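Peer 1: The structure is given below, and queries will be raised subsequently.
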Amino acid sequence: DSGVTQTPKHLITATGQRVTLRCSPRSGDLSVYWYQQSLDQGLQFLIQYYNGEERAKGNILERFSAQQFPDLHSELNLSSLELGDSALYFCASSVADLEETQYFGPGTRLLVL
Amino acid sequence: AQKITQTQPGMFVQEKEAVTLDCTYDTSDPSYGLFWYKQPSSGEMIFLIYQGSYDQQNATEGRYSLNFQKARKSANLVISASQLGDSAMYFCAMRGLNYGGATNKLIFGTGTLLAVQP
């Protein structure tokens, strides 16, 4: 158990819908990262927050947004969902924003029908 | 551009034998970090081992060691005395760059599926 929690574990929804994925980092970690793992794209970095501020952005679609709250938990919002958004979404956390190992949560498996 | 290459889609190893999973990388950054993660069939990503580019010695963590050859840009994972529970997907990753400088984002390879046979 990495200490990073993600909810829900599984999510099934329809195209066009909006979902919110939640992540609680390890105790003491200030950075949160979101990754997407799909069969065609592999593991891709989406976005990083450090102590509430956006720190780095990857190939995150405009339909996706994220934020980190004062209690350091983070949410990833996915809207206007398409079939291709079906994937395993990971949250990871680290103590600081650079030079740190990231510990991953168990992931949220999203299926868009 | 930064890139991680894992050329072995899948491998078999006998229980109790050692196995090497290959990883090569490409980066223009003089300072970088290399990681290995394990993903069992249950889906979670488990951190195994880390190697910094300026580390003088190869990293070791229990049965895991990282064979770091900087000139060849390779960071192979060696698992000694394989166990059935080692059967999983293994990903090599590198800390990446972003516009404006270094970040902590990870760039992953495509993974190697390891099957340990009894």
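Residue numbering restarts at 1 in every chain; chains get A, B, ... in the order shown in the structure tokens, and ligands count up from 1 in that same order.
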With only C-alpha atoms as the counted atoms, please give the residues lying no more than 10 Å from A:Tyr103, apart from itself and same-chain residues fewer than 6 positions off, as a list in words.
Peer 2: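 The residues that qualify are Asp1, Ser2, Gly3, Val4, Pro25, Arg26, Asp29, Val32, Tyr33, Cys91, Ala92, Ser93, Ser94 and Val95 of chain A; Tyr37, Met45, Ile46 and Phe47 of chain B.
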Peer 1: At a cut-off of 8 Å, using only C-alpha atoms, what residues contact B:Thr20? Leave out same-chain residues fewer than 3 positions from it and give the result as a ChimeraX atom specification.
Peer 2: /B:76-79
Peer 1: Residues of the last selection are to be written out with all heavy atoms, as an mmCIF file, in the first residue's frame.
Peer 2:
```cif
data_model
loop_
_atom_site.group_PDB
_atom_site.id
_atom_site.type_symbol
_atom_site.label_atom_id
_atom_site.label_comp_id
_atom_site.auth_asym_id
_atom_site.auth_seq_id
_atom_site.Cartn_x
_atom_site.Cartn_y
_atom_site.Cartn_z
ATOM 1 N N ASN B 76 19.219 -1.008 -17.117
ATOM 2 C CA ASN B 76 18.546 -2.297 -17.078
ATOM 3 C C ASN B 76 18.228 -2.723 -15.653
ATOM 4 O O ASN B 76 19.028 -2.527 -14.735
ATOM 5 C CB ASN B 76 19.411 -3.369 -17.748
ATOM 6 C CG ASN B 76 19.665 -3.078 -19.204
ATOM 7 O OD1 ASN B 76 18.929 -2.327 -19.842
ATOM 8 N ND2 ASN B 76 20.728 -3.650 -19.746
ATOM 9 N N LEU B 77 17.073 -3.326 -15.484
ATOM 10 C CA LEU B 77 16.659 -3.853 -14.182
ATOM 11 C C LEU B 77 17.039 -5.321 -14.094
ATOM 12 O O LEU B 77 16.720 -6.100 -14.988
ATOM 13 C CB LEU B 77 15.148 -3.700 -13.987
ATOM 14 C CG LEU B 77 14.585 -4.272 -12.691
ATOM 15 C CD1 LEU B 77 15.028 -3.434 -11.499
ATOM 16 C CD2 LEU B 77 13.062 -4.351 -12.761
ATOM 17 N N VAL B 78 17.708 -5.677 -13.013
ATOM 18 C CA VAL B 78 18.062 -7.073 -12.774
ATOM 19 C C VAL B 78 17.276 -7.558 -11.558
ATOM 20 O O VAL B 78 17.329 -6.940 -10.486
ATOM 21 C CB VAL B 78 19.578 -7.245 -12.534
ATOM 22 C CG1 VAL B 78 19.903 -8.709 -12.294
ATOM 23 C CG2 VAL B 78 20.382 -6.702 -13.712
ATOM 24 N N ILE B 79 16.533 -8.631 -11.750
ATOM 25 C CA ILE B 79 15.822 -9.263 -10.643
ATOM 26 C C ILE B 79 16.509 -10.583 -10.352
ATOM 27 O O ILE B 79 16.610 -11.448 -11.238
ATOM 28 C CB ILE B 79 14.333 -9.515 -10.992
ATOM 29 C CG1 ILE B 79 13.657 -8.218 -11.453
ATOM 30 C CG2 ILE B 79 13.600 -10.096 -9.787
ATOM 31 C CD1 ILE B 79 12.217 -8.411 -11.940
#
```
Peer 1: Mind checking which residues fall within 12 Å of B:Thr60, counting only C-alpha atoms, ignoring those fewer than 2 positions away in the same chain, and posting them as a PyMOL selection string?
Peer 2: chain B and resi 35-36+48-51+55+57-58+62-68+76-80
Peer 1: Set the distance at 8 Å and use only C-alpha atoms: which residues neighbour A:Ile47 once local chain neighbours fewer than 6 positions away are removed? I'd like the list as a list in words.
Peer 2: Tyr33, Trp34, Tyr35, Glu54, Arg55, Ala56, Lys57, Gly58, Ile60 and Ala66 of chain A
Peer 1: May I ask for the distance between atom CA of B:Met94 and atom CA of B:Leu34, given in Å to one decimal place?
Peer 2: 4.6 Å
